[in-house]
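Student: Contents of entry03.pdb (PDB, C-alpha atoms):
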```
ATOM      1  CA  MET J1156     106.514  23.558 -44.308
ATOM      2  CA  SER J1157     106.389  26.912 -46.012
ATOM      3  CA  GLN J1158     107.382  28.084 -49.463
ATOM      4  CA  PRO J1159     108.372  31.662 -50.313
ATOM      5  CA  ARG J1160     105.805  33.667 -52.285
ATOM      6  CA  PHE J1161     107.066  35.409 -55.381
ATOM      7  CA  GLY J1162     106.031  38.862 -56.481
ATOM      8  CA  LEU J1163     104.402  41.407 -54.231
ATOM      9  CA  PRO J1164     103.619  40.513 -50.618
ATOM     10  CA  TYR J1165     100.045  39.256 -50.190
ATOM     11  CA  PHE J1166      97.934  40.297 -47.193
ATOM     12  CA  TYR J1167      94.513  38.951 -46.300
ATOM     13  CA  VAL J1168      92.374  41.615 -44.605
ATOM     14  CA  THR J1169      91.849  39.584 -41.436
ATOM     15  CA  TRP J1170      95.616  39.181 -40.960
ATOM     16  CA  ILE J1171      96.173  42.903 -40.509
ATOM     17  CA  CYS J1172      93.089  44.011 -38.539
ATOM     18  CA  ALA J1173      94.397  43.067 -35.101
ATOM     19  CA  LEU J1174      97.687  44.853 -35.813
ATOM     20  CA  ILE J1175      95.943  48.040 -36.922
ATOM     21  CA  SER J1176      93.509  47.982 -33.989
ATOM     22  CA  GLY J1177      96.326  47.360 -31.486
ATOM     23  CA  GLU J1178      94.858  44.023 -30.334
ATOM     24  CA  ASP J1179      97.933  42.206 -31.651
ATOM     25  CA  ARG J1180     101.514  43.390 -31.605
ATOM     26  CA  CYS J1181     103.280  40.530 -33.412
ATOM     27  CA  ARG J1182     104.152  42.071 -36.760
ATOM     28  CA  TRP J1183     106.415  39.160 -37.641
ATOM     29  CA  ALA J1184     103.563  36.633 -38.054
ATOM     30  CA  THR J1185     101.771  38.898 -40.521
ATOM     31  CA  TRP J1186     105.031  39.672 -42.333
ATOM     32  CA  PHE J1187     105.758  35.925 -42.613
ATOM     33  CA  LYS J1188     102.271  35.036 -43.918
ATOM     34  CA  SER J1189     102.491  37.817 -46.502
ATOM     35  CA  ARG J1190     105.711  36.403 -47.945
ATOM     36  CA  HIS J1191     105.230  32.631 -47.585
ATOM     37  CA  SER J1192     102.584  30.085 -48.517
ATOM     38  CA  TYR J1193     101.961  27.246 -46.114
ATOM     39  CA  THR J1194      99.408  24.648 -45.110
ATOM     40  CA  LYS J1195      97.239  25.646 -42.161
ATOM     41  CA  VAL J1196      97.304  23.318 -39.190
ATOM     42  CA  ALA J1197      93.812  22.630 -37.867
ATOM     43  CA  ASP J1198      93.066  23.426 -34.226
ATOM     44  CA  GLU J1199      91.662  20.142 -32.914
ATOM     45  CA  ASP J1200      89.878  21.927 -30.039
ATOM     46  CA  PHE J1201      87.916  24.232 -32.348
ATOM     47  CA  ASP J1202      84.425  23.118 -33.412
ATOM     48  CA  SER J1203      84.681  24.261 -37.023
ATOM     49  CA  ALA J1204      81.415  22.635 -38.121
ATOM     50  CA  GLY J1205      79.483  24.185 -35.222
ATOM     51  CA  TYR J1206      80.985  27.609 -35.863
ATOM     52  CA  ASN J1207      80.173  27.400 -39.581
ATOM     53  CA  ILE J1208      76.535  26.536 -38.866
ATOM     54  CA  VAL J1209      76.057  29.411 -36.399
ATOM     55  CA  HIS J1210      77.886  31.888 -38.653
ATOM     56  CA  LYS J1211      75.916  30.869 -41.749
ATOM     57  CA  GLU J1212      72.598  31.235 -39.874
ATOM     58  CA  LEU J1213      73.598  34.710 -38.680
ATOM     59  CA  LEU J1214      74.790  35.747 -42.137
ATOM     60  CA  ASN J1215      71.611  34.456 -43.798
ATOM     61  CA  ARG J1216      69.408  36.259 -41.253
ATOM     62  CA  ARG J1217      71.078  39.607 -41.988
ATOM     63  CA  ALA J1218      71.127  38.998 -45.760
ATOM     64  CA  ASP J1219      67.380  38.218 -45.675
ATOM     65  CA  GLU J1220      66.699  41.426 -43.705
ATOM     66  CA  LEU J1221      68.561  43.472 -46.310
ATOM     67  CA  LYS J1222      66.838  41.740 -49.253
ATOM     68  CA  THR J1223      63.456  42.401 -47.638
ATOM     69  CA  ALA J1224      64.426  46.072 -47.362
ATOM     70  CA  GLY J1225      65.096  46.152 -51.128
ATOM     71  CA  TRP J1226      68.878  45.836 -51.292
ATOM     72  CA  ALA J1227      70.653  43.700 -53.914
ATOM     73  CA  VAL J1228      72.693  41.320 -51.745
ATOM     74  CA  THR J1229      75.746  39.166 -52.414
ATOM     75  CA  THR J1230      77.440  36.965 -49.834
ATOM     76  CA  GLU J1231      80.826  35.484 -49.003
ATOM     77  CA  ARG J1232      82.499  33.870 -52.049
ATOM     78  CA  GLN J1233      80.608  36.223 -54.379
ATOM     79  CA  ASN J1234      82.411  39.096 -52.636
ATOM     80  CA  GLN J1235      85.936  37.686 -52.754
ATOM     81  CA  PHE J1236      88.513  40.147 -54.081
ATOM     82  CA  LYS J1237      92.212  40.765 -54.614
ATOM     83  CA  TYR J1238      93.428  44.321 -55.057
ATOM     84  CA  ARG J1239      96.926  44.892 -56.417
ATOM     85  CA  GLY J1240      98.529  48.057 -55.114
ATOM     86  CA  LYS J1241     101.990  49.457 -55.751
ATOM     87  CA  VAL J1242     103.741  47.587 -52.932
ATOM     88  CA  ALA J1243     101.407  44.711 -52.008
ATOM     89  CA  VAL J1244      98.283  42.748 -52.859
ATOM     90  CA  ILE J1245      95.397  42.690 -50.396
ATOM     91  CA  GLY J1246      92.600  40.160 -50.483
ATOM     92  CA  GLY J1247      89.421  39.622 -48.580
ATOM     93  CA  LYS J1248      85.888  38.337 -48.538
ATOM     94  CA  PRO J1249      83.196  40.503 -46.903
ATOM     95  CA  ASP J1250      80.329  38.423 -45.548
ATOM     96  CA  ILE J1251      77.643  40.628 -47.111
ATOM     97  CA  VAL J1252      77.717  43.403 -49.688
ATOM     98  CA  ALA J1253      74.356  45.075 -50.209
ATOM     99  CA  VAL J1254      73.840  47.628 -52.987
ATOM    100  CA  ASP J1255      71.013  50.083 -53.588
ATOM    101  CA  HIS J1256      71.786  51.468 -57.063
ATOM    102  CA  ALA J1257      68.819  53.852 -57.051
ATOM    103  CA  ALA J1258      70.071  55.587 -53.905
ATOM    104  CA  GLN J1259      73.747  55.001 -54.828
ATOM    105  CA  ARG J1260      74.520  53.263 -51.546
ATOM    106  CA  VAL J1261      76.645  50.264 -50.582
ATOM    107  CA  LEU J1262      76.483  48.533 -47.203
ATOM    108  CA  ILE J1263      79.253  46.138 -46.227
ATOM    109  CA  SER J1264      78.272  43.888 -43.345
ATOM    110  CA  ASP J1265      80.347  41.353 -41.479
ATOM    111  CA  ALA J1266      78.663  38.788 -39.221
ATOM    112  CA  LYS J1267      80.432  37.937 -35.969
ATOM    113  CA  THR J1268      79.477  35.155 -33.581
ATOM    114  CA  GLY J1269      81.838  35.986 -30.720
ATOM    115  CA  VAL J1270      82.749  38.858 -28.438
ATOM    116  CA  ARG J1271      83.065  42.425 -29.682
ATOM    117  CA  MET J1272      86.563  43.458 -30.731
ATOM    118  CA  ASN J1273      87.957  46.596 -32.315
ATOM    119  CA  LYS J1274      89.557  44.511 -35.058
ATOM    120  CA  HIS J1275      86.061  43.721 -36.384
ATOM    121  CA  ILE J1276      85.427  47.424 -37.002
ATOM    122  CA  VAL J1277      88.836  47.804 -38.657
ATOM    123  CA  GLN J1278      88.074  44.811 -40.901
ATOM    124  CA  VAL J1279      84.868  46.409 -42.189
ATOM    125  CA  MET J1280      86.578  49.787 -42.621
ATOM    126  CA  ILE J1281      89.253  48.170 -44.800
ATOM    127  CA  TYR J1282      86.539  46.525 -46.907
ATOM    128  CA  MET J1283      84.797  49.908 -47.229
ATOM    129  CA  ALA J1284      87.999  51.613 -48.369
ATOM    130  CA  ILE J1285      88.920  48.947 -50.929
ATOM    131  CA  TRP J1286      85.498  48.053 -52.363
ATOM    132  CA  PRO J1287      85.185  51.020 -54.784
ATOM    133  CA  ARG J1288      88.752  50.404 -55.993
ATOM    134  CA  VAL J1289      87.854  46.834 -56.913
ATOM    135  CA  HIS J1290      84.309  47.578 -58.108
ATOM    136  CA  ARG J1291      84.559  50.758 -60.149
ATOM    137  CA  GLU J1292      80.788  50.799 -60.792
ATOM    138  CA  VAL J1293      80.210  52.003 -57.207
ATOM    139  CA  VAL J1294      82.712  54.872 -57.253
ATOM    140  CA  GLY J1295      80.840  57.890 -55.912
ATOM    141  CA  TYR J1296      78.323  55.781 -53.972
ATOM    142  CA  ASP J1297      77.929  56.311 -50.227
ATOM    143  CA  ILE J1298      79.665  53.326 -48.657
ATOM    144  CA  SER J1299      78.773  52.410 -45.097
ATOM    145  CA  GLY J1300      79.488  49.344 -43.026
ATOM    146  CA  GLU J1301      78.368  47.407 -40.033
ATOM    147  CA  VAL J1302      79.524  44.666 -37.738
ATOM    148  CA  TYR J1303      76.526  42.425 -37.080
ATOM    149  CA  TYR J1304      76.758  40.348 -33.904
ATOM    150  CA  GLY J1305      74.815  37.204 -33.064
ATOM    151  CA  ASP J1306      73.049  38.895 -30.147
ATOM    152  CA  GLY J1307      71.531  41.446 -32.546
ATOM    153  CA  VAL J1308      73.897  44.309 -31.745
ATOM    154  CA  GLN J1309      75.010  46.243 -34.811
ATOM    155  CA  ILE J1310      77.966  48.592 -34.869
ATOM    156  CA  VAL J1311      77.354  51.039 -37.699
ATOM    157  CA  ILE J1312      80.279  52.602 -39.563
ATOM    158  CA  SER J1313      79.500  55.603 -41.749
ATOM    159  CA  SER J1314      81.448  56.723 -44.788
ATOM    160  CA  GLY J1315      82.461  59.757 -42.736
ATOM    161  CA  ASP J1316      84.304  57.465 -40.330
ATOM    162  CA  LEU J1317      86.842  56.722 -43.078
ATOM    163  CA  THR J1318      89.598  59.312 -43.123
ATOM    164  CA  SER J1319      93.188  59.296 -44.272
ATOM    165  CA  ASP J1320      94.111  59.041 -40.564
ATOM    166  CA  ASN J1321      92.384  55.697 -39.986
ATOM    167  CA  VAL J1322      92.494  53.913 -43.349
TER     168      VAL J1322
END
```
Would you mind writing the file's structure down as structure tokens?

Tutor:
Amino acid sequence: MSQPRFGLPYFYVTWICALISGEDRCRWATWFKSRHSYTKVADEDFDSAGYNIVHKELLNRRADELKTAGWAVTTERQNQFKYRGKVAVIGGKPDIVAVDHAAQRVLISDAKTGVRMNKHIVQVMIYMAIWPRVHREVVGYDISGEVYYGDGVQIVISSGDLTSDNV
């Protein structure tokens, strides 16, 4: 059962990535979620506990690498945000945000356990675009991103990849 949301529509970053990347064409589902609250129905065939273990190991490995390299690192719930715009609210939770204040750099990293998809890149790009709006202390910093896959492949996204055409 769903209940209408009141106020501005609310979008979670992961809901819109597949639409933006073209990997999903059902705009109605995203529209509905943005305007209604509902209880998620669990997929009985999905091994949630197994996925969480593998994802957490991958996330911790990358966070440890960044800490060893001298970055200040926050993970998951520490990175949760809601940004209120003029026509909607967008929320998200980057897996890793690493900051090097001396060099004025931010790296936003998202750990992925499955196959490579364009929506993963879009997800990180959205985080990159919103982060300085939510965290004013990093305005002017170079913000880069990466999608970090379980097989060790990293897709690097530079600040120059963000343009008004793709964000």

Student: Can you pull out every residue within 9 Å of Lys1237 in chain J, counting only C-alpha atoms, but drop anything in the same chain fewer than 2 positions away, and send it as a VMD selection string?

Tutor: chain J and resid 1167 1235 1239 1244 to 1247 1289

Student: Name the residues that the PyMOL selection byres ((chain J and resi 1188) around 12) pulls out of this structure, and write them as a list in words.

Tutor: Ser1157, Gln1158, Pro1159, Arg1160, Pro1164, Tyr1165, Phe1166, Tyr1167, Val1168, Thr1169, Trp1170, Ile1171, Cys1181, Arg1182, Trp1183, Ala1184, Thr1185, Trp1186, Phe1187, Ser1189, Arg1190, His1191, Ser1192, Tyr1193, Thr1194 and Lys1195 of chain J

Student: Write the residues you've just listed into a file as a PDB file, in the frame of the given file, and include C-alpha atoms for each of them.

Tutor:
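Now in result-v2.pdb:
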```pdb
ATOM      1  CA  SER J1157     106.389  26.912 -46.012  1.00  0.00           C
ATOM      2  CA  GLN J1158     107.382  28.084 -49.463  1.00  0.00           C
ATOM      3  CA  PRO J1159     108.372  31.662 -50.313  1.00  0.00           C
ATOM      4  CA  ARG J1160     105.805  33.667 -52.285  1.00  0.00           C
ATOM      5  CA  PRO J1164     103.619  40.513 -50.618  1.00  0.00           C
ATOM      6  CA  TYR J1165     100.045  39.256 -50.190  1.00  0.00           C
ATOM      7  CA  PHE J1166      97.934  40.297 -47.193  1.00  0.00           C
ATOM      8  CA  TYR J1167      94.513  38.951 -46.300  1.00  0.00           C
ATOM      9  CA  VAL J1168      92.374  41.615 -44.605  1.00  0.00           C
ATOM     10  CA  THR J1169      91.849  39.584 -41.436  1.00  0.00           C
ATOM     11  CA  TRP J1170      95.616  39.181 -40.960  1.00  0.00           C
ATOM     12  CA  ILE J1171      96.173  42.903 -40.509  1.00  0.00           C
ATOM     13  CA  CYS J1181     103.280  40.530 -33.412  1.00  0.00           C
ATOM     14  CA  ARG J1182     104.152  42.071 -36.760  1.00  0.00           C
ATOM     15  CA  TRP J1183     106.415  39.160 -37.641  1.00  0.00           C
ATOM     16  CA  ALA J1184     103.563  36.633 -38.054  1.00  0.00           C
ATOM     17  CA  THR J1185     101.771  38.898 -40.521  1.00  0.00           C
ATOM     18  CA  TRP J1186     105.031  39.672 -42.333  1.00  0.00           C
ATOM     19  CA  PHE J1187     105.758  35.925 -42.613  1.00  0.00           C
ATOM     20  CA  SER J1189     102.491  37.817 -46.502  1.00  0.00           C
ATOM     21  CA  ARG J1190     105.711  36.403 -47.945  1.00  0.00           C
ATOM     22  CA  HIS J1191     105.230  32.631 -47.585  1.00  0.00           C
ATOM     23  CA  SER J1192     102.584  30.085 -48.517  1.00  0.00           C
ATOM     24  CA  TYR J1193     101.961  27.246 -46.114  1.00  0.00           C
ATOM     25  CA  THR J1194      99.408  24.648 -45.110  1.00  0.00           C
ATOM     26  CA  LYS J1195      97.239  25.646 -42.161  1.00  0.00           C
TER      27      LYS J1195
END
```

Student: I'd like the interatomic distance between CA of Leu1221 in chain J and CA of Ser1176 in chain J, to a tenth of an Å.

Tutor: 28.2 Å

Student: Kindly indicate which residue among J:Asn1215, J:Ala1224, J:Pro1287, J:Ile1281 lies nearest to Thr1318 in chain J, using all atoms listed in the file for the distances.

Tutor: J:Ile1281

Student: For this structure, which residues satisfy the selection - the PyMOL selection byres ((chain J and resi 1274) around 9) - when it is evaluated on the file as given? I want them as a PyMOL selection string.

Tutor: chain J and resi 1169+1171-1178+1271-1273+1275-1279

Student: Which value, in Å to one decimal, gives the distance between CA of Asp1179 in chain J and CA of Gln1233 in chain J?

Tutor: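 Computing it gives 29.2 Å between the two atoms.
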
Student: Could you expand the PyMOL selection byres ((chain J and resi 1227) around 9) into the explicit residues it covers here, written as a count of residues only?

Tutor: 11

Student: Work out how far apart CA of Ala1258 in chain J and CA of Phe1236 in chain J are and give it in Å to one decimal.

Tutor: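 Calculated distance between CA of Ala1258 in chain J and CA of Phe1236 in chain J is 24.1 Å.
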
Student: Using only C-alpha atoms, which residue out of J:Val1196, J:Leu1262, J:Leu1214, J:Leu1163 lies closest to Gly1240 in chain J?

Tutor: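 Among the listed residues, the smallest separation from Gly1240 in chain J belongs to J:Leu1163.
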
Student: Tell me which protein, DNA and RNA residues are within 9 Å of Val1311 in chain J, counting all atoms listed in the file, leaving out same-chain ones fewer than 3 positions away, and put them as a PyMOL selection string.

Tutor: chain J and resi 1276+1299-1303
